[in-house]
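Structure below is work-v1.cif: mmCIF, C-alpha atoms and all ligand atoms.
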data_my_file
loop_
_atom_site.label_atom_id
_atom_site.label_comp_id
_atom_site.auth_asym_id
_atom_site.auth_seq_id
_atom_site.Cartn_x
_atom_site.Cartn_y
_atom_site.Cartn_z
CA MET A 24 -37.79 154.48 157.82
CA SER A 25 -36.53 155.59 161.22
CA ALA A 26 -35.46 153.11 163.88
CA LEU A 27 -36.53 155.66 166.46
CA ARG A 28 -39.88 154.77 168.01
CA ALA A 29 -40.19 157.13 170.96
CA ILE A 30 -39.00 160.50 172.17
CA PHE A 31 -39.25 161.50 175.81
CA PHE A 32 -38.73 164.97 177.23
CA ASP A 33 -37.74 166.45 180.53
CA LEU A 34 -40.28 169.12 181.58
CA ASP A 35 -38.71 171.83 183.76
CA ASP A 36 -36.37 174.15 181.87
CA THR A 37 -36.66 171.91 178.81
CA LEU A 38 -40.24 172.50 177.62
CA TYR A 39 -40.64 175.84 179.44
CA SER A 40 -38.46 178.22 181.38
CA THR A 41 -39.11 177.08 184.94
CA SER A 42 -36.43 179.31 186.44
CA GLU A 43 -37.59 182.45 184.64
CA PHE A 44 -41.25 181.77 185.45
CA ALA A 45 -40.57 181.05 189.14
CA LEU A 46 -38.62 184.28 189.56
CA ARG A 47 -41.38 186.31 187.95
CA ALA A 48 -44.08 184.64 190.08
CA ARG A 49 -42.11 185.11 193.30
CA ARG A 50 -41.42 188.76 192.51
CA ASN A 51 -45.14 189.37 191.91
CA SER A 52 -45.95 187.56 195.14
CA VAL A 53 -43.73 189.64 197.39
CA GLU A 54 -44.97 192.83 195.74
CA ALA A 55 -48.55 191.74 196.47
CA MET A 56 -47.62 191.04 200.09
CA VAL A 57 -46.23 194.57 200.41
CA LYS A 58 -49.43 195.98 198.90
CA ALA A 59 -51.42 193.93 201.41
CA GLY A 60 -49.68 195.73 204.26
CA LEU A 61 -46.30 194.10 204.82
CA ARG A 62 -43.86 196.91 205.56
CA ALA A 63 -40.71 195.57 203.93
CA ASP A 64 -38.56 196.11 200.87
CA PRO A 65 -39.71 193.80 198.00
CA SER A 66 -36.19 192.88 196.90
CA ALA A 67 -35.19 191.95 200.46
CA LEU A 68 -38.39 189.90 200.71
CA LEU A 69 -37.63 188.18 197.42
CA ALA A 70 -34.17 187.19 198.64
CA GLU A 71 -35.71 185.85 201.83
CA LEU A 72 -38.36 183.91 199.88
CA ILE A 73 -35.72 182.32 197.66
CA GLU A 74 -33.93 181.23 200.83
CA VAL A 75 -37.17 179.67 202.17
CA VAL A 76 -37.63 177.75 198.90
CA GLU A 77 -34.06 176.48 199.09
CA GLU A 78 -34.45 175.40 202.71
CA PHE A 79 -37.91 173.83 202.44
CA SER A 80 -37.76 172.67 198.75
CA SER A 81 -39.82 174.01 195.87
CA ASN A 82 -42.63 171.50 196.48
CA TYR A 83 -43.26 172.64 200.06
CA GLU A 84 -46.79 174.01 200.47
CA ARG A 85 -46.31 176.92 202.87
CA HIS A 86 -43.48 179.12 201.59
CA PHE A 87 -45.30 182.39 202.23
CA ASP A 88 -46.26 181.42 205.79
CA GLN A 89 -42.64 180.61 206.54
CA LEU A 90 -41.48 183.84 204.92
CA LEU A 91 -43.73 185.81 207.24
CA GLN A 92 -42.67 183.82 210.31
CA ARG A 93 -39.06 184.81 209.67
CA LEU A 94 -39.85 188.53 209.81
CA PRO A 95 -40.30 190.75 212.88
CA ARG A 96 -44.00 191.05 213.76
CA ARG A 97 -43.82 194.84 213.82
CA LEU A 98 -43.54 194.74 210.01
CA TYR A 99 -47.19 193.68 209.77
CA ARG A 100 -48.63 194.99 213.03
CA GLY A 101 -52.32 195.82 212.62
CA VAL A 102 -52.76 193.56 209.57
CA ASN A 103 -54.00 189.98 209.75
CA PRO A 104 -50.99 187.91 208.60
CA ALA A 105 -53.31 185.43 206.81
CA ILE A 106 -54.30 188.21 204.41
CA ILE A 107 -50.66 188.94 203.60
CA VAL A 108 -49.97 185.24 202.98
CA ALA A 109 -53.10 184.93 200.82
CA ALA A 110 -52.04 187.97 198.78
CA GLY A 111 -48.72 186.26 198.05
CA VAL A 112 -50.36 182.95 197.14
CA ALA A 113 -52.98 184.64 194.94
CA ALA A 114 -50.35 186.65 193.06
CA TYR A 115 -48.38 183.45 192.46
CA HIS A 116 -51.43 181.74 190.97
CA ASP A 117 -52.35 184.82 188.91
CA THR A 118 -48.87 184.77 187.41
CA LYS A 119 -49.36 181.10 186.58
CA PHE A 120 -52.62 181.85 184.76
CA ARG A 121 -51.11 184.68 182.78
CA TYR A 122 -47.55 183.78 182.03
CA LEU A 123 -47.01 180.03 182.14
CA CYS A 124 -46.22 179.17 178.54
CA PRO A 125 -43.85 176.78 176.79
CA TYR A 126 -40.75 177.74 174.86
CA GLU A 127 -42.23 178.63 171.49
CA ASP A 128 -39.87 176.37 169.55
CA ALA A 129 -40.58 173.46 171.91
CA TYR A 130 -44.31 173.86 171.40
CA GLU A 131 -44.04 174.16 167.62
CA VAL A 132 -41.76 171.14 167.30
CA LEU A 133 -44.03 169.07 169.57
CA ARG A 134 -46.89 169.97 167.23
CA ASP A 135 -44.80 168.74 164.31
CA LEU A 136 -43.92 165.52 166.13
CA ALA A 137 -47.57 164.98 167.00
CA ARG A 138 -48.18 164.37 163.29
CA THR A 139 -45.65 161.50 163.21
CA GLU A 140 -45.98 157.93 164.45
CA LEU A 141 -43.41 158.57 167.19
CA ILE A 142 -44.46 157.97 170.78
CA ARG A 143 -44.10 161.34 172.55
CA GLY A 144 -43.63 161.27 176.29
CA VAL A 145 -42.38 163.10 179.34
CA ILE A 146 -40.17 161.77 182.12
CA THR A 147 -40.16 164.33 184.91
CA ALA A 148 -39.23 164.63 188.57
CA GLY A 149 -41.76 166.21 190.88
CA LEU A 150 -45.18 165.94 192.47
CA ALA A 151 -47.85 164.34 190.29
CA ASN A 152 -50.41 167.15 190.63
CA LYS A 153 -47.88 169.93 190.04
CA GLN A 154 -46.21 168.36 187.01
CA ALA A 155 -49.56 167.36 185.51
CA GLU A 156 -50.93 170.88 186.04
CA LYS A 157 -47.92 172.30 184.18
CA LEU A 158 -48.48 169.94 181.23
CA VAL A 159 -52.14 170.96 181.07
CA ARG A 160 -51.54 174.72 181.51
CA LEU A 161 -48.70 174.70 178.97
CA ARG A 162 -51.14 173.00 176.55
CA ILE A 163 -48.57 170.32 175.94
CA ALA A 164 -50.59 167.40 177.29
CA PRO A 165 -52.73 167.03 174.13
CA LEU A 166 -49.56 166.72 172.04
CA LEU A 167 -48.22 163.78 174.06
CA SER A 168 -49.06 160.09 173.86
CA PRO A 169 -51.43 159.67 176.82
CA GLY A 170 -49.70 156.61 178.26
CA ALA A 171 -46.21 158.09 177.99
CA ILE A 172 -46.15 160.53 180.91
CA PHE A 173 -43.91 159.40 183.78
CA ILE A 174 -43.73 161.44 186.99
CA SER A 175 -41.33 160.44 189.78
CA ASP A 176 -43.99 160.93 192.45
CA GLN A 177 -46.17 158.30 190.76
CA LEU A 178 -43.35 155.80 190.24
CA GLY A 179 -41.68 155.85 193.62
CA ILE A 180 -38.44 156.39 191.73
CA ASN A 181 -36.69 159.74 191.25
CA LYS A 182 -34.08 161.17 188.93
CA PRO A 183 -31.27 160.41 188.39
CA ASN A 184 -32.08 156.75 189.13
CA ILE A 185 -31.80 154.82 185.86
CA LYS A 186 -34.86 152.79 186.92
CA MET A 187 -37.05 155.76 186.03
CA TYR A 188 -35.90 155.61 182.42
CA GLN A 189 -36.03 151.80 182.33
CA ARG A 190 -39.60 151.95 183.59
CA ALA A 191 -40.69 154.33 180.83
CA CYS A 192 -39.19 152.06 178.16
CA SER A 193 -40.50 148.80 179.60
CA ASP A 194 -44.04 150.15 180.16
CA LEU A 195 -44.26 151.00 176.48
CA ASN A 196 -42.39 147.89 175.22
CA LEU A 197 -39.55 149.98 173.90
CA LYS A 198 -35.91 149.08 173.66
CA PRO A 199 -33.80 151.95 175.05
CA ALA A 200 -31.89 152.06 171.75
CA GLU A 201 -35.07 152.97 169.87
CA SER A 202 -35.93 155.69 172.40
CA MET A 203 -34.60 159.21 172.81
CA TYR A 204 -34.42 161.45 175.88
CA VAL A 205 -34.21 165.22 175.63
CA GLY A 206 -33.25 167.23 178.71
CA ASP A 207 -31.42 170.28 180.02
CA ASN A 208 -29.48 168.70 182.86
CA ALA A 209 -26.44 166.52 182.19
CA ALA A 210 -26.44 164.72 185.53
CA MET A 211 -30.21 164.27 185.94
CA ASP A 212 -31.25 163.71 182.33
CA ILE A 213 -28.39 162.77 180.05
CA GLU A 214 -26.26 160.48 182.20
CA PRO A 215 -28.97 158.06 183.41
CA ALA A 216 -30.69 157.84 180.00
CA LYS A 217 -27.35 157.26 178.33
CA ARG A 218 -26.41 154.59 180.86
CA ILE A 219 -29.36 152.42 179.87
CA GLY A 220 -28.64 152.94 176.16
CA MET A 221 -31.16 155.61 175.15
CA LEU A 222 -30.24 158.20 172.56
CA THR A 223 -29.73 161.51 174.35
CA VAL A 224 -30.04 165.15 173.39
CA HIS A 225 -28.82 167.87 175.73
CA VAL A 226 -30.68 171.16 175.22
CA ILE A 227 -28.46 174.06 176.21
CA ARG A 228 -30.17 177.41 175.78
CA GLY A 229 -27.86 180.41 175.83
CA SER A 230 -24.51 179.93 177.46
CA THR A 231 -25.66 178.14 180.59
CA SER A 232 -24.98 174.44 180.93
CA VAL A 233 -26.67 172.63 183.79
CA GLY A 234 -25.03 169.71 185.59
CA LYS A 235 -21.70 170.06 183.84
CA GLY A 236 -19.06 167.41 184.33
CA ALA A 237 -21.32 164.36 184.17
CA GLY A 238 -19.52 161.25 183.02
CA TYR A 239 -21.64 160.56 179.95
CA ALA A 240 -21.57 162.78 176.90
CA PRO A 241 -24.89 163.31 175.09
CA ASP A 242 -25.30 162.00 171.55
CA TRP A 243 -26.26 165.50 170.44
CA ILE A 244 -26.21 169.00 171.91
CA VAL A 245 -28.79 171.47 170.58
CA GLY A 246 -29.57 175.11 171.33
CA ASN A 247 -33.31 174.82 170.73
CA PHE A 248 -35.98 172.45 169.42
CA TRP A 249 -35.55 173.48 165.78
CA GLU A 250 -32.06 172.01 166.00
CA LEU A 251 -33.58 168.92 167.61
CA LEU A 252 -35.85 168.61 164.60
CA ASP A 253 -32.75 168.75 162.34
CA VAL A 254 -31.18 165.91 164.34
CA LEU A 255 -34.33 163.82 164.00
CA ARG A 256 -34.54 164.44 160.26
CA ASP A 257 -30.88 164.33 159.30
CA HIS A 258 -29.58 161.60 161.62
CA LEU A 259 -32.58 159.46 162.41
CA GLY A 260 -34.66 159.63 159.25
CA VAL A 261 -37.76 161.01 160.96
CA VAL A 262 -40.16 162.38 158.35
CA ILE A 263 -42.43 165.21 159.47
CA PRO A 264 -45.71 165.26 157.51
CA PRO A 265 -46.57 168.75 156.28
CA ARG A 266 -49.06 170.83 158.26
CA THR A 267 -52.58 170.67 156.92
CA ALA A 268 -54.90 173.62 156.40
CA GLU A 269 -56.80 172.69 159.55
CA GLY A 270 -53.61 173.29 161.53
CA GLY A 271 -53.76 170.23 163.73
CA PRO A 272 -53.92 170.50 167.54
CA GLU A 273 -54.97 173.82 168.94
CA GLN A 274 -52.37 176.55 168.64
CA HIS A 275 -50.97 177.85 171.90
CA ALA A 276 -51.97 181.47 172.05
CA PRO A 277 -51.02 183.43 175.17
CA GLN A 278 -52.31 186.54 173.42
CA ALA A 279 -55.80 185.07 173.67
CA PHE A 280 -55.84 186.05 177.35
CA ASP A 281 -56.89 189.52 178.38
CA THR A 282 -55.12 191.48 181.08
CA ASP A 283 -57.19 189.88 183.82
CA GLY A 284 -55.90 186.49 182.81
CA ARG A 285 -59.29 185.30 181.56
CA MET A 286 -59.86 183.74 178.20
CA ALA A 287 -60.54 186.55 175.76
MG MG B 301 -34.92 170.11 183.70
#
As structure tokens, how would this structure be written, given the file I've shared?
Ligand SMILES: [Mg+2]
Amino acid sequence: MSALRAIFFDLDDTLYSTSEFALRARRNSVEAMVKAGLRADPSALLAELIEVVEEFSSNYERHFDQLLQRLPRRLYRGVNPAIIVAAGVAAYHDTKFRYLCPYEDAYEVLRDLARTELIRGVITAGLANKQAEKLVRLRIAPLLSPGAIFISDQLGINKPNIKMYQRACSDLNLKPAESMYVGDNAAMDIEPAKRIGMLTVHVIRGSTSVGKGAGYAPDWIVGNFWELLDVLRDHLGVVIPPRTAEGGPEQHAPQAFDTDGRMA
């Protein structure tokens, strides 16, 4: 019998590749703006857009307006700038419909964990509507315990404040020692969770390590969620019930979308 009662996950760059998705969406957006009549080089526009995001934060609502404001007006003379902005916004959303999907191993392991008694939650920093939309679009929400989703915007507390992790544990009557946190960022995810006594798993995909040099070492480092499953089984006695013929919660199937992004 495992002493572990709950497992919480970071969302961005832990359950899906936020960085890779954002780059793809931004590239599609600037290309759409050029098609809509903006006379500029897409790669220069992309660099400019990335600068706007850095200066105004990723949760700012009007990146494409600001991008256009930075450029000389002659680059879109004769074209209504609102159309160019809308083309960028629409392409961003289209990319979201088509390509937002979880890491395959993360999705599969969450499906496995959904057949256990473990509480499965998310502790994430960001705006409530944006983070919730990601969980729904990624089709991860149905695999989580409904009362175990904690978003900084809804708590008035942000990472890396340890209060965010304390709040998740106390809301669900969990001792930190019987709870695990899985994240990609040492400073934002591992250190605060470790400081309150949670078990911590640092997911490092490829060679990149985010937030290096934090003072608290994780209990485990894994390269993907299959290795996380090994940790749960081998070190914490978690037993994963076999999959049934019915297959459990709906399989994530990006191939079920046609090229227009509609359900096939
Ligand atoms: Mg992250």
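Distances from A:Tyr99, A:Phe87, A:Tyr204, A:Tyr115 to ligand MG 301 (chain B) were compared using all atoms listed in the file, and the smallest one belongs to A:Tyr204.
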Correct to one decimal, the distance atom CA of Asn196 of chain A-atom CA of Tyr130 of chain A is 26.3 Å
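A straight line drawn from atom CA of Asp128 of chain A to atom CA of Asp36 of chain A is 13.0 Å long.
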One decimal place gives the atom CA of Ile219 of chain A-atom CA of Gly206 of chain A separation as 15.4 Å
Just want the residues within 8 Å of ligand MG 301 (chain B), written as a ChimeraX atom specification, counting only C-alpha atoms and all ligand atoms. /A:33-37,147,206-208,211-212
Name the closest residue to Leu161 of chain A among the candidates A:Ala148, A:Ile185, A:Val226, A:Leu133; distances are taken between atoms, counting all atoms listed in the file.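 So, comparing all the options, the nearest one is A:Leu133.
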Rank A:Pro265, A:Gly149, A:Gly220, A:Gly229 by their smallest atom-to-atom distance to Gln177 of chain A, using all atoms listed in the file, and report the top residue only.
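So, comparing all the options, the nearest one is A:Gly149.
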* Nearest to Leu195 of chain A, chosen from A:Ile244, A:Pro65, A:Val224, A:Ile142, with all atoms listed in the file counted in the distances ->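 Result for the nearest residue to Leu195 of chain A: A:Ile142.
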Using only C-alpha atoms, the residue out of A:Ser40, A:Ser202, A:Thr223, A:Asn152 with shortest distance to Cys124 of chain A is A:Ser40
request  = Would you list the contacts of Leu222 of chain A as an NGL selection string, taking every protein, DNA or RNA residue within 8 Å and counting only C-alpha atoms, but skipping same-chain residues closer than 6 positions in sequence?
outcome  = :A and (199-204 or 216 or 241-242)
Using all atoms listed in the file, the residue out of A:Leu166, A:Val112, A:Ile180, A:Ile146 with shortest distance to Arg50 of chain A is A:Val112
